[in-house]
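Peer 1: Following this line is entry.cif, made up of mmCIF, C-alpha atoms:
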data_final
loop_
_atom_site.group_PDB
_atom_site.id
_atom_site.type_symbol
_atom_site.label_atom_id
_atom_site.label_comp_id
_atom_site.auth_asym_id
_atom_site.auth_seq_id
_atom_site.Cartn_x
_atom_site.Cartn_y
_atom_site.Cartn_z
ATOM 1 C CA MET U 1 -44.092 -3.612 11.847
ATOM 2 C CA LEU U 2 -40.675 -3.231 13.458
ATOM 3 C CA LEU U 3 -41.079 -6.642 15.084
ATOM 4 C CA GLN U 4 -41.904 -8.226 11.721
ATOM 5 C CA ILE U 5 -38.791 -6.679 10.149
ATOM 6 C CA ASP U 6 -36.627 -7.919 13.020
ATOM 7 C CA ILE U 7 -37.985 -11.453 12.682
ATOM 8 C CA TYR U 8 -37.475 -11.302 8.908
ATOM 9 C CA GLU U 9 -33.879 -10.166 9.328
ATOM 10 C CA VAL U 10 -33.179 -12.908 11.877
ATOM 11 C CA LEU U 11 -34.630 -15.601 9.612
ATOM 12 C CA LYS U 12 -32.720 -14.224 6.617
ATOM 13 C CA LYS U 13 -29.496 -14.237 8.610
ATOM 14 C CA MET U 14 -30.071 -17.791 9.818
ATOM 15 C CA LEU U 15 -30.880 -18.943 6.299
ATOM 16 C CA ILE U 16 -27.650 -17.512 4.905
ATOM 17 C CA GLU U 17 -25.577 -18.906 7.774
ATOM 18 C CA TYR U 18 -26.750 -22.437 7.072
ATOM 19 C CA ILE U 19 -27.432 -22.363 3.325
ATOM 20 C CA ILE U 20 -23.828 -21.405 2.543
ATOM 21 C CA PRO U 21 -22.112 -24.432 4.208
ATOM 22 C CA PHE U 22 -24.849 -26.750 2.871
ATOM 23 C CA ALA U 23 -24.574 -25.471 -0.704
ATOM 24 C CA VAL U 24 -20.763 -25.486 -0.762
ATOM 25 C CA ALA U 25 -20.640 -29.046 0.585
ATOM 26 C CA LEU U 26 -23.302 -30.263 -1.859
ATOM 27 C CA ILE U 27 -21.690 -28.697 -4.949
ATOM 28 C CA VAL U 28 -18.149 -29.842 -4.102
ATOM 29 C CA SER U 29 -19.318 -33.357 -3.234
ATOM 30 C CA PHE U 30 -21.419 -33.641 -6.402
ATOM 31 C CA PHE U 31 -18.561 -32.707 -8.725
ATOM 32 C CA SER U 32 -16.036 -34.736 -6.722
ATOM 33 C CA SER U 33 -18.011 -37.985 -6.993
ATOM 34 C CA PRO U 34 -17.020 -38.786 -10.613
ATOM 35 C CA ILE U 35 -13.405 -38.037 -9.682
ATOM 36 C CA ALA U 36 -13.671 -40.385 -6.695
ATOM 37 C CA LYS U 37 -15.019 -43.058 -9.045
ATOM 38 C CA LYS U 38 -12.046 -42.672 -11.400
ATOM 39 C CA ILE U 39 -9.637 -42.904 -8.453
ATOM 40 C CA ALA U 40 -11.398 -46.032 -7.200
ATOM 41 C CA VAL U 41 -11.212 -47.709 -10.617
ATOM 42 C CA ARG U 42 -7.518 -46.858 -10.960
ATOM 43 C CA LEU U 43 -6.776 -48.266 -7.479
ATOM 44 C CA ASN U 44 -8.968 -51.309 -8.201
ATOM 45 C CA ALA U 45 -11.268 -50.411 -5.309
ATOM 46 C CA ILE U 46 -14.155 -52.296 -6.878
ATOM 47 C CA ASP U 47 -16.919 -54.241 -5.172
ATOM 48 C CA VAL U 48 -17.378 -57.435 -7.171
ATOM 49 C CA PRO U 49 -20.484 -59.455 -6.119
ATOM 50 C CA LYS U 50 -19.246 -62.827 -4.880
ATOM 51 C CA ASP U 51 -21.879 -64.053 -2.425
ATOM 52 C CA GLU U 52 -25.607 -63.891 -1.644
ATOM 53 C CA ARG U 53 -25.154 -60.893 0.667
ATOM 54 C CA ARG U 54 -24.347 -58.704 -2.332
ATOM 55 C CA LEU U 55 -27.546 -57.422 -3.926
ATOM 56 C CA HIS U 56 -25.918 -55.885 -7.015
ATOM 57 C CA THR U 57 -25.013 -58.002 -10.023
ATOM 58 C CA LYS U 58 -22.280 -55.890 -11.623
ATOM 59 C CA PRO U 59 -18.950 -54.606 -10.234
ATOM 60 C CA VAL U 60 -19.320 -51.140 -8.669
ATOM 61 C CA ALA U 61 -16.600 -48.676 -7.660
ATOM 62 C CA LEU U 62 -16.030 -48.047 -3.958
ATOM 63 C CA MET U 63 -14.446 -45.059 -2.152
ATOM 64 C CA GLY U 64 -17.400 -42.743 -2.790
ATOM 65 C CA GLY U 65 -16.751 -41.484 0.723
ATOM 66 C CA VAL U 66 -13.795 -39.532 -0.677
ATOM 67 C CA ALA U 67 -16.257 -37.141 -2.341
ATOM 68 C CA VAL U 68 -18.231 -36.768 0.903
ATOM 69 C CA ILE U 69 -15.043 -36.062 2.867
ATOM 70 C CA ILE U 70 -13.854 -33.461 0.347
ATOM 71 C CA GLY U 71 -17.250 -31.741 0.261
ATOM 72 C CA PHE U 72 -17.453 -31.623 4.057
ATOM 73 C CA ALA U 73 -13.879 -30.390 4.488
ATOM 74 C CA VAL U 74 -14.074 -27.680 1.804
ATOM 75 C CA SER U 75 -17.390 -26.443 3.207
ATOM 76 C CA LEU U 76 -16.003 -26.102 6.738
ATOM 77 C CA LEU U 77 -12.805 -24.413 5.551
ATOM 78 C CA TYR U 78 -14.777 -21.917 3.487
ATOM 79 C CA THR U 79 -17.384 -21.306 6.194
ATOM 80 C CA PHE U 80 -15.035 -20.778 9.127
ATOM 81 C CA LEU U 81 -12.030 -19.215 7.350
ATOM 82 C CA VAL U 82 -13.718 -17.113 4.649
ATOM 83 C CA TYR U 83 -17.367 -16.537 5.514
ATOM 84 C CA ARG U 84 -16.958 -16.597 9.329
ATOM 85 C CA PRO U 85 -20.533 -16.610 10.693
ATOM 86 C CA ASP U 86 -21.352 -14.561 13.778
ATOM 87 C CA ASN U 87 -21.410 -16.130 17.255
ATOM 88 C CA THR U 88 -18.622 -18.607 16.426
ATOM 89 C CA SER U 89 -15.709 -16.676 17.912
ATOM 90 C CA SER U 90 -16.587 -17.774 21.472
ATOM 91 C CA TRP U 91 -16.571 -21.407 20.353
ATOM 92 C CA PHE U 92 -13.169 -21.129 18.695
ATOM 93 C CA SER U 93 -11.743 -19.360 21.731
ATOM 94 C CA SER U 94 -12.851 -22.287 23.903
ATOM 95 C CA LEU U 95 -11.681 -24.917 21.413
ATOM 96 C CA SER U 96 -9.233 -27.288 23.040
ATOM 97 C CA PRO U 97 -6.100 -27.954 20.935
ATOM 98 C CA MET U 98 -5.825 -31.351 22.629
ATOM 99 C CA LYS U 99 -9.379 -32.358 21.687
ATOM 100 C CA THR U 100 -8.939 -31.089 18.137
ATOM 101 C CA ALA U 101 -5.677 -32.985 17.680
ATOM 102 C CA GLY U 102 -7.196 -36.147 19.143
ATOM 103 C CA PHE U 103 -10.200 -35.953 16.834
ATOM 104 C CA LEU U 104 -8.116 -35.291 13.709
ATOM 105 C CA ILE U 105 -5.643 -38.092 14.487
ATOM 106 C CA GLY U 106 -8.466 -40.554 15.097
ATOM 107 C CA LEU U 107 -10.324 -39.410 11.984
ATOM 108 C CA VAL U 108 -7.254 -39.760 9.763
ATOM 109 C CA MET U 109 -6.666 -43.270 11.136
ATOM 110 C CA VAL U 110 -10.255 -44.282 10.354
ATOM 111 C CA ILE U 111 -10.179 -42.768 6.849
ATOM 112 C CA ILE U 112 -6.873 -44.465 5.961
ATOM 113 C CA MET U 113 -8.218 -47.758 7.269
ATOM 114 C CA GLY U 114 -11.347 -47.293 5.156
ATOM 115 C CA VAL U 115 -9.358 -46.577 1.997
ATOM 116 C CA ILE U 116 -7.165 -49.653 2.521
ATOM 117 C CA ASP U 117 -10.256 -51.772 3.254
ATOM 118 C CA ASP U 118 -11.843 -50.647 -0.019
ATOM 119 C CA ILE U 119 -8.720 -51.567 -2.000
ATOM 120 C CA HIS U 120 -7.670 -54.699 -0.104
ATOM 121 C CA PRO U 121 -10.454 -55.924 2.264
ATOM 122 C CA LEU U 122 -9.233 -56.153 5.865
ATOM 123 C CA THR U 123 -10.390 -58.684 8.416
ATOM 124 C CA SER U 124 -12.326 -57.678 11.518
ATOM 125 C CA LYS U 125 -9.293 -58.709 13.590
ATOM 126 C CA VAL U 126 -7.419 -55.841 11.957
ATOM 127 C CA LYS U 127 -10.223 -53.270 11.762
ATOM 128 C CA PHE U 128 -11.650 -53.546 15.281
ATOM 129 C CA PRO U 129 -8.345 -52.795 17.074
ATOM 130 C CA ILE U 130 -7.699 -49.786 14.808
ATOM 131 C CA GLN U 131 -11.196 -48.438 15.490
ATOM 132 C CA PHE U 132 -10.795 -48.847 19.237
ATOM 133 C CA ILE U 133 -7.370 -47.181 19.149
ATOM 134 C CA ALA U 134 -8.788 -44.250 17.148
ATOM 135 C CA ALA U 135 -11.712 -43.971 19.581
ATOM 136 C CA SER U 136 -9.346 -44.169 22.571
ATOM 137 C CA ILE U 137 -7.208 -41.330 21.201
ATOM 138 C CA VAL U 138 -10.293 -39.124 20.914
ATOM 139 C CA VAL U 139 -11.545 -40.021 24.392
ATOM 140 C CA LEU U 140 -8.180 -39.649 26.132
ATOM 141 C CA SER U 141 -7.781 -36.231 24.485
ATOM 142 C CA GLY U 142 -10.854 -35.068 26.416
ATOM 143 C CA THR U 143 -13.962 -35.835 24.353
ATOM 144 C CA LYS U 144 -16.042 -38.005 26.683
ATOM 145 C CA ILE U 145 -19.627 -38.807 27.651
ATOM 146 C CA LYS U 146 -19.978 -37.109 31.027
ATOM 147 C CA PHE U 147 -23.695 -37.494 31.765
ATOM 148 C CA ILE U 148 -26.399 -40.156 31.610
ATOM 149 C CA THR U 149 -30.008 -39.032 31.218
ATOM 150 C CA VAL U 150 -32.301 -40.398 33.933
ATOM 151 C CA SER U 151 -35.444 -38.459 32.974
ATOM 152 C CA ILE U 152 -36.436 -36.971 29.630
ATOM 153 C CA SER U 153 -39.662 -35.278 30.799
ATOM 154 C CA ASP U 154 -37.870 -32.835 33.108
ATOM 155 C CA ILE U 155 -34.419 -33.303 31.543
ATOM 156 C CA ARG U 156 -32.603 -34.710 34.569
ATOM 157 C CA TYR U 157 -29.231 -36.357 34.252
ATOM 158 C CA VAL U 158 -26.430 -37.604 36.450
ATOM 159 C CA PRO U 159 -22.670 -37.400 35.912
ATOM 160 C CA VAL U 160 -20.761 -40.640 35.384
ATOM 161 C CA GLY U 161 -17.442 -41.616 36.903
ATOM 162 C CA GLU U 162 -14.173 -41.193 35.029
ATOM 163 C CA VAL U 163 -13.663 -44.896 34.280
ATOM 164 C CA LEU U 164 -17.257 -45.461 33.128
ATOM 165 C CA SER U 165 -17.057 -42.269 31.069
ATOM 166 C CA ILE U 166 -14.009 -43.531 29.176
ATOM 167 C CA ILE U 167 -15.517 -46.990 28.568
ATOM 168 C CA LEU U 168 -18.889 -45.638 27.391
ATOM 169 C CA SER U 169 -17.258 -43.082 25.114
ATOM 170 C CA ILE U 170 -14.912 -45.564 23.438
ATOM 171 C CA PHE U 171 -17.710 -48.059 22.804
ATOM 172 C CA TRP U 172 -20.032 -45.298 21.550
ATOM 173 C CA ILE U 173 -17.479 -44.033 19.004
ATOM 174 C CA ALA U 174 -16.415 -47.503 17.844
ATOM 175 C CA GLY U 175 -20.039 -48.693 17.787
ATOM 176 C CA ILE U 176 -21.428 -45.833 15.673
ATOM 177 C CA THR U 177 -18.412 -46.046 13.357
ATOM 178 C CA ASN U 178 -19.293 -49.682 12.637
ATOM 179 C CA ALA U 179 -23.062 -49.167 12.622
ATOM 180 C CA ILE U 180 -23.059 -46.976 9.509
ATOM 181 C CA ASN U 181 -20.856 -49.491 7.696
ATOM 182 C CA LEU U 182 -23.088 -52.452 8.597
ATOM 183 C CA ILE U 183 -26.223 -50.931 7.040
ATOM 184 C CA ASP U 184 -24.409 -50.131 3.793
ATOM 185 C CA GLY U 185 -26.058 -53.027 1.967
ATOM 186 C CA LEU U 186 -28.439 -51.332 -0.487
ATOM 187 C CA ASP U 187 -27.864 -48.549 -2.991
ATOM 188 C CA GLY U 188 -28.277 -45.235 -1.213
ATOM 189 C CA LEU U 189 -29.180 -46.746 2.164
ATOM 190 C CA ALA U 190 -26.252 -45.827 4.426
ATOM 191 C CA ALA U 191 -25.740 -42.422 2.779
ATOM 192 C CA GLY U 192 -29.443 -41.572 2.844
ATOM 193 C CA VAL U 193 -29.953 -42.638 6.459
ATOM 194 C CA SER U 194 -26.865 -40.641 7.435
ATOM 195 C CA GLY U 195 -28.202 -37.611 5.569
ATOM 196 C CA ILE U 196 -31.550 -37.838 7.371
ATOM 197 C CA ALA U 197 -29.750 -38.164 10.723
ATOM 198 C CA ALA U 198 -27.542 -35.153 9.930
ATOM 199 C CA LEU U 199 -30.553 -32.994 9.021
ATOM 200 C CA SER U 200 -32.406 -34.116 12.165
ATOM 201 C CA LEU U 201 -29.464 -33.274 14.404
ATOM 202 C CA PHE U 202 -29.049 -29.980 12.538
ATOM 203 C CA VAL U 203 -32.626 -28.991 13.408
ATOM 204 C CA VAL U 204 -32.056 -29.880 17.069
ATOM 205 C CA SER U 205 -28.821 -27.846 17.128
ATOM 206 C CA VAL U 206 -30.628 -24.821 15.684
ATOM 207 C CA MET U 207 -33.306 -25.145 18.387
ATOM 208 C CA MET U 208 -30.727 -25.190 21.190
ATOM 209 C CA THR U 209 -30.516 -21.830 22.936
ATOM 210 C CA PRO U 210 -26.724 -21.379 23.469
ATOM 211 C CA ASP U 211 -25.049 -19.424 20.645
ATOM 212 C CA ILE U 212 -22.306 -22.016 20.702
ATOM 213 C CA HIS U 213 -24.625 -24.494 19.007
ATOM 214 C CA ILE U 214 -24.440 -22.571 15.738
ATOM 215 C CA VAL U 215 -21.115 -24.354 15.190
ATOM 216 C CA PHE U 216 -22.651 -27.806 15.655
ATOM 217 C CA ALA U 217 -25.543 -26.796 13.393
ATOM 218 C CA ILE U 218 -23.021 -25.824 10.708
ATOM 219 C CA LEU U 219 -21.141 -29.116 11.135
ATOM 220 C CA TYR U 220 -24.336 -31.131 10.707
ATOM 221 C CA VAL U 221 -25.694 -29.101 7.781
ATOM 222 C CA ALA U 222 -22.324 -29.293 5.991
ATOM 223 C CA LEU U 223 -22.299 -33.053 6.531
ATOM 224 C CA ALA U 224 -25.857 -33.264 5.156
ATOM 225 C CA GLY U 225 -24.885 -31.206 2.113
ATOM 226 C CA ALA U 226 -21.871 -33.406 1.372
ATOM 227 C CA ILE U 227 -24.061 -36.518 1.580
ATOM 228 C CA MET U 228 -26.804 -35.022 -0.615
ATOM 229 C CA GLY U 229 -24.248 -34.124 -3.262
ATOM 230 C CA PHE U 230 -23.078 -37.744 -3.353
ATOM 231 C CA LEU U 231 -26.519 -39.417 -3.298
ATOM 232 C CA PRO U 232 -27.395 -38.901 -7.014
ATOM 233 C CA TYR U 233 -24.493 -41.221 -7.859
ATOM 234 C CA ASN U 234 -25.403 -43.684 -5.100
ATOM 235 C CA PHE U 235 -29.122 -44.239 -5.729
ATOM 236 C CA ASN U 236 -30.198 -47.478 -7.399
ATOM 237 C CA PRO U 237 -28.621 -48.365 -9.751
ATOM 238 C CA ALA U 238 -25.521 -47.030 -7.988
ATOM 239 C CA LYS U 239 -22.597 -45.748 -10.030
ATOM 240 C CA ILE U 240 -20.379 -45.693 -6.946
ATOM 241 C CA PHE U 241 -20.651 -46.973 -3.371
ATOM 242 C CA LEU U 242 -19.914 -45.091 -0.181
ATOM 243 C CA GLY U 243 -17.414 -47.830 0.703
ATOM 244 C CA SER U 244 -15.663 -48.329 4.017
ATOM 245 C CA THR U 245 -13.960 -44.952 3.447
ATOM 246 C CA GLY U 246 -17.262 -43.079 3.627
ATOM 247 C CA ALA U 247 -19.119 -45.301 6.079
ATOM 248 C CA TYR U 248 -16.368 -45.205 8.710
ATOM 249 C CA PHE U 249 -15.880 -41.470 8.177
ATOM 250 C CA LEU U 250 -19.572 -40.714 8.695
ATOM 251 C CA GLY U 251 -19.884 -42.958 11.738
ATOM 252 C CA PHE U 252 -16.784 -41.522 13.367
ATOM 253 C CA VAL U 253 -17.815 -37.900 12.765
ATOM 254 C CA PHE U 254 -21.378 -38.496 14.000
ATOM 255 C CA SER U 255 -20.188 -40.186 17.182
ATOM 256 C CA VAL U 256 -17.606 -37.548 18.133
ATOM 257 C CA ILE U 257 -19.749 -34.505 17.296
ATOM 258 C CA SER U 258 -22.672 -35.899 19.298
ATOM 259 C CA ILE U 259 -20.477 -36.331 22.383
ATOM 260 C CA GLU U 260 -18.918 -32.884 22.083
ATOM 261 C CA GLY U 261 -22.332 -31.327 21.450
ATOM 262 C CA ALA U 262 -23.680 -32.861 24.656
ATOM 263 C CA THR U 263 -20.626 -31.626 26.576
ATOM 264 C CA LYS U 264 -20.961 -28.066 25.290
ATOM 265 C CA ALA U 265 -24.676 -28.000 26.126
ATOM 266 C CA TYR U 266 -24.087 -29.463 29.586
ATOM 267 C CA THR U 267 -26.925 -31.880 29.048
ATOM 268 C CA ALA U 268 -27.215 -35.487 27.993
ATOM 269 C CA LEU U 269 -30.418 -34.724 26.077
ATOM 270 C CA THR U 270 -28.430 -34.198 22.886
ATOM 271 C CA MET U 271 -27.039 -37.714 23.297
ATOM 272 C CA ILE U 272 -30.601 -39.029 23.496
ATOM 273 C CA VAL U 273 -31.458 -37.148 20.306
ATOM 274 C CA SER U 274 -28.385 -38.636 18.616
ATOM 275 C CA LEU U 275 -29.470 -42.088 19.792
ATOM 276 C CA VAL U 276 -32.890 -41.584 18.200
ATOM 277 C CA ALA U 277 -31.576 -40.011 14.982
ATOM 278 C CA LEU U 278 -29.141 -42.903 14.509
ATOM 279 C CA GLY U 279 -31.635 -45.454 15.827
ATOM 280 C CA PHE U 280 -31.808 -47.608 12.698
ATOM 281 C CA PRO U 281 -28.069 -48.317 12.281
ATOM 282 C CA ILE U 282 -27.628 -48.672 16.073
ATOM 283 C CA PHE U 283 -30.370 -51.261 16.552
ATOM 284 C CA ASP U 284 -29.552 -53.128 13.351
ATOM 285 C CA THR U 285 -25.991 -53.441 14.655
ATOM 286 C CA LEU U 286 -27.153 -54.608 18.099
ATOM 287 C CA PHE U 287 -29.417 -57.228 16.526
ATOM 288 C CA ALA U 288 -26.536 -58.374 14.295
ATOM 289 C CA ILE U 289 -24.266 -58.824 17.327
ATOM 290 C CA ILE U 290 -26.945 -60.745 19.276
ATOM 291 C CA ARG U 291 -27.775 -62.871 16.224
ATOM 292 C CA ARG U 292 -24.148 -63.842 15.628
ATOM 293 C CA VAL U 293 -23.491 -64.579 19.291
ATOM 294 C CA LEU U 294 -26.561 -66.851 19.467
ATOM 295 C CA ASN U 295 -25.485 -68.604 16.257
ATOM 296 C CA ARG U 296 -21.947 -68.889 17.643
ATOM 297 C CA LYS U 297 -20.454 -66.954 14.762
ATOM 298 C CA PRO U 298 -17.742 -64.288 14.914
ATOM 299 C CA ILE U 299 -19.216 -60.822 15.488
ATOM 300 C CA GLY U 300 -17.257 -59.451 12.539
ATOM 301 C CA GLU U 301 -18.512 -62.118 10.136
ATOM 302 C CA GLY U 302 -21.100 -60.883 7.650
ATOM 303 C CA ASP U 303 -24.503 -62.546 7.256
ATOM 304 C CA ARG U 304 -27.817 -62.083 5.481
ATOM 305 C CA GLY U 305 -29.853 -61.255 8.565
ATOM 306 C CA HIS U 306 -29.830 -57.463 8.399
ATOM 307 C CA ILE U 307 -33.146 -55.616 8.135
ATOM 308 C CA HIS U 308 -32.571 -54.668 4.504
ATOM 309 C CA HIS U 309 -31.870 -58.316 3.633
ATOM 310 C CA ARG U 310 -35.112 -59.370 5.325
ATOM 311 C CA LEU U 311 -37.111 -56.822 3.322
ATOM 312 C CA ILE U 312 -35.572 -58.083 0.078
ATOM 313 C CA ASP U 313 -36.335 -61.703 1.078
ATOM 314 C CA MET U 314 -39.974 -60.660 1.579
ATOM 315 C CA GLY U 315 -40.082 -59.771 -2.104
ATOM 316 C CA ILE U 316 -39.796 -55.998 -1.710
ATOM 317 C CA SER U 317 -37.672 -54.286 -4.365
ATOM 318 C CA PRO U 318 -34.337 -52.719 -3.357
ATOM 319 C CA LYS U 319 -35.584 -49.204 -4.198
ATOM 320 C CA PHE U 320 -38.753 -49.531 -2.120
ATOM 321 C CA SER U 321 -36.841 -51.211 0.713
ATOM 322 C CA VAL U 322 -34.579 -48.152 0.915
ATOM 323 C CA ILE U 323 -37.619 -45.840 0.997
ATOM 324 C CA ILE U 324 -39.159 -47.906 3.825
ATOM 325 C CA LEU U 325 -35.972 -47.710 5.853
ATOM 326 C CA TYR U 326 -35.691 -43.958 5.224
#
As structure tokens, what does this structure read like?
Peer 2:
Amino acid sequence: MLLQIDIYEVLKKMLIEYIIPFAVALIVSFFSSPIAKKIAVRLNAIDVPKDERRLHTKPVALMGGVAVIIGFAVSLLYTFLVYRPDNTSSWFSSLSPMKTAGFLIGLVMVIIMGVIDDIHPLTSKVKFPIQFIAASIVVLSGTKIKFITVSISDIRYVPVGEVLSIILSIFWIAGITNAINLIDGLDGLAAGVSGIAALSLFVVSVMMTPDIHIVFAILYVALAGAIMGFLPYNFNPAKIFLGSTGAYFLGFVFSVISIEGATKAYTALTMIVSLVALGFPIFDTLFAIIRRVLNRKPIGEGDRGHIHHRLIDMGISPKFSVIILY
């Protein structure tokens, strides 16, 4: 009987610890989405269909990512400054000011770039350098991939050299940042896939034994909540799009948290899990790069060869195509 009560208390405690950041993020994001739409309309951040790659027929507001960002930020501020879950003090005591500053500087750069891109579309020649600079700032501040998994069955990994670590980390951050943006071609697709990935990584973080992973679990569940609060406005027919603001934000946050999570756990297994959870946007991006290189087209030039485009060309409706990709 005592054992049952203990288990019940543990489960209740865990539920509260994770429900609070999820609920706060969802509620704030949901009520912020109409505000983000009004801001987008006022700034003329509107996606007007001009070519065959666009699958919507009417102009739709961009910058929906603003609502996701606000929901995520408010949730974390409330959780860590007001609610203060147990077992997080050790993580904050080990938090590197240099890493934190590097992450925030890079994140602000990416968000500002996304906002500008939604208002006045930027070329890839402008965006790629900014993304690599933002990624470099994060990596040089100390957030780096330090291990490569060589065996999943017995979880064996080997450390990588300093130079290779920097190169891999920069390309990982810049790559994931772009990957989320590239799949943002159907109503609710990029946001939904990101939400599924966040929930998957949240479950893995909860299963990790070190207490320190409660922080990463909170980060992922808050991100999931912010996305879920935005999705009702983003499902087909979408009232507002995630936009470059949201897509770049999500990709950047996913990439950095996954690296730091692997570092804190001292295992590259969490990187493998991140690779699987973000498998769809990663492989769609890789195929896009290969396809454009073979066709001798600029890598940053859009085309109609993405997986969601192929499903639509097969005669599958946009709504069902999104469900398939989920």
Peer 1: For segment 19-21 of chain U, list every protein, DNA or RNA residue within 8 Å, evaluated using only C-alpha atoms, and leave out those in the same chain fewer than 4 positions away; present the list as number ranges by chain.
Peer 2: U: 15, 25, 75-76, 78-79, 218, 221-222, 225
Peer 1: Quick one: which residues end up in the PyMOL selection byres ((chain U and resi 176) around 8) for this structure, as number ranges by chain?
Peer 2: U: 172-175, 177-180, 251-252, 254-255, 281-282
Peer 1: Might you pull out every residue within 12 Å of Arg310 of chain U, with all atoms listed in the file counted and same-chain residues fewer than 6 positions away left off, and present them as a PyMOL selection string?
Peer 2: chain U and resi 53+185-186+284+303-304+316-318+321+325
Peer 1: When distances are computed from all atoms listed in the file, which of U:Ile112, U:Met228, U:Ile299, U:Ile312 shows the smallest separation from Ala23 of chain U?
Peer 2: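 With all atoms listed in the file as the atom set, the closest residue is U:Met228.
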Peer 1: Could you check how far atom CA of Thr123 of chain U sits from atom CA of Ile227 of chain U, in Å to one decimal?
Peer 2: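 Result for atom CA of Thr123 of chain U versus atom CA of Ile227 of chain U: 26.9 Å, one decimal.
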Peer 1: Rounded to one decimal in Å, what is the spacing between atom CA of Phe249 of chain U and atom CA of Met207 of chain U?
Peer 2: 26.0 Å
Peer 1: Please provide as a PyMOL selection string all residues within 12 Å of Val41 of chain U, with the sequence filter that same-chain residues fewer than 2 positions apart are discarded (counting all atoms listed in the file).
Peer 2: chain U and resi 34-39+43-47+59-64+118-119+239-241
Peer 1: Measuring atom to atom with only C-alpha atoms, identify which of U:Ile196, U:Leu81, U:Leu294, U:Val204 is nearest to Gly279 of chain U.
Peer 2: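 The answer is U:Ile196, which sits nearest to Gly279 of chain U.
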Peer 1: Evaluated on this file, the PyMOL selection byres ((chain U and resi 230) around 12) picks out some residues - which ones are they, written as a PyMOL selection string?
Peer 2: chain U and resi 25-37+63-72+187-188+190-192+194-195+223-229+231-235+238-242+246
Peer 1: Would you work out the distance separating atom CA of Lys319 of chain U from atom CA of Ala197 of chain U, expressed in Å to one decimal?
Peer 2: 19.5 Å
Peer 1: Find the residue from U:Ala135, U:Val163, U:Ile307, U:Ile259 that sits nearest to Leu275 of chain U; use all atoms listed in the file when measuring.
Peer 2: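 Counting all atoms listed in the file, the residue closest to Leu275 of chain U is U:Ile259.
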Peer 1: Which of these residues is nearest to Leu122 of chain U, using all atoms listed in the file: U:Leu182, U:Gly261, U:Ser165, U:Ser244?
Peer 2: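 The answer is U:Ser244, which sits nearest to Leu122 of chain U.
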Peer 1: How about completing segment 226-237 of chain U with N, CA and C atoms and giving it to me as a PDB file, in the coordinates of the input?
Peer 2:
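Produced file selection_37.pdb, reproduced below:
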ATOM      1  N   ALA U 226     -22.850 -32.529   2.018  1.00  0.00           N
ATOM      2  CA  ALA U 226     -21.871 -33.406   1.372  1.00  0.00           C
ATOM      3  C   ALA U 226     -22.503 -34.745   0.996  1.00  0.00           C
ATOM      4  N   ILE U 227     -23.381 -35.245   1.851  1.00  0.00           N
ATOM      5  CA  ILE U 227     -24.061 -36.518   1.580  1.00  0.00           C
ATOM      6  C   ILE U 227     -25.053 -36.358   0.431  1.00  0.00           C
ATOM      7  N   MET U 228     -25.813 -35.258   0.440  1.00  0.00           N
ATOM      8  CA  MET U 228     -26.804 -35.022  -0.615  1.00  0.00           C
ATOM      9  C   MET U 228     -26.145 -34.861  -1.989  1.00  0.00           C
ATOM     10  N   GLY U 229     -24.959 -34.275  -1.999  1.00  0.00           N
ATOM     11  CA  GLY U 229     -24.248 -34.124  -3.262  1.00  0.00           C
ATOM     12  C   GLY U 229     -23.783 -35.457  -3.824  1.00  0.00           C
ATOM     13  N   PHE U 230     -23.544 -36.424  -2.940  1.00  0.00           N
ATOM     14  CA  PHE U 230     -23.078 -37.744  -3.353  1.00  0.00           C
ATOM     15  C   PHE U 230     -24.224 -38.671  -3.739  1.00  0.00           C
ATOM     16  N   LEU U 231     -25.398 -38.486  -3.126  1.00  0.00           N
ATOM     17  CA  LEU U 231     -26.519 -39.417  -3.298  1.00  0.00           C
ATOM     18  C   LEU U 231     -26.969 -39.643  -4.752  1.00  0.00           C
ATOM     19  N   PRO U 232     -26.979 -38.632  -5.630  1.00  0.00           N
ATOM     20  CA  PRO U 232     -27.395 -38.901  -7.014  1.00  0.00           C
ATOM     21  C   PRO U 232     -26.582 -39.996  -7.697  1.00  0.00           C
ATOM     22  N   TYR U 233     -25.347 -40.181  -7.279  1.00  0.00           N
ATOM     23  CA  TYR U 233     -24.493 -41.221  -7.859  1.00  0.00           C
ATOM     24  C   TYR U 233     -24.643 -42.552  -7.110  1.00  0.00           C
ATOM     25  N   ASN U 234     -25.327 -42.514  -5.969  1.00  0.00           N
ATOM     26  CA  ASN U 234     -25.403 -43.684  -5.100  1.00  0.00           C
ATOM     27  C   ASN U 234     -26.772 -44.358  -5.109  1.00  0.00           C
ATOM     28  N   PHE U 235     -27.796 -43.637  -5.657  1.00  0.00           N
ATOM     29  CA  PHE U 235     -29.122 -44.239  -5.729  1.00  0.00           C
ATOM     30  C   PHE U 235     -29.119 -45.400  -6.716  1.00  0.00           C
ATOM     31  N   ASN U 236     -30.073 -46.304  -6.531  1.00  0.00           N
ATOM     32  CA  ASN U 236     -30.198 -47.478  -7.399  1.00  0.00           C
ATOM     33  C   ASN U 236     -30.571 -47.067  -8.831  1.00  0.00           C
ATOM     34  N   PRO U 237     -29.837 -47.542  -9.833  1.00  0.00           N
ATOM     35  CA  PRO U 237     -28.621 -48.365  -9.751  1.00  0.00           C
ATOM     36  C   PRO U 237     -27.390 -47.497  -9.462  1.00  0.00           C
TER      37      PRO U 237
END
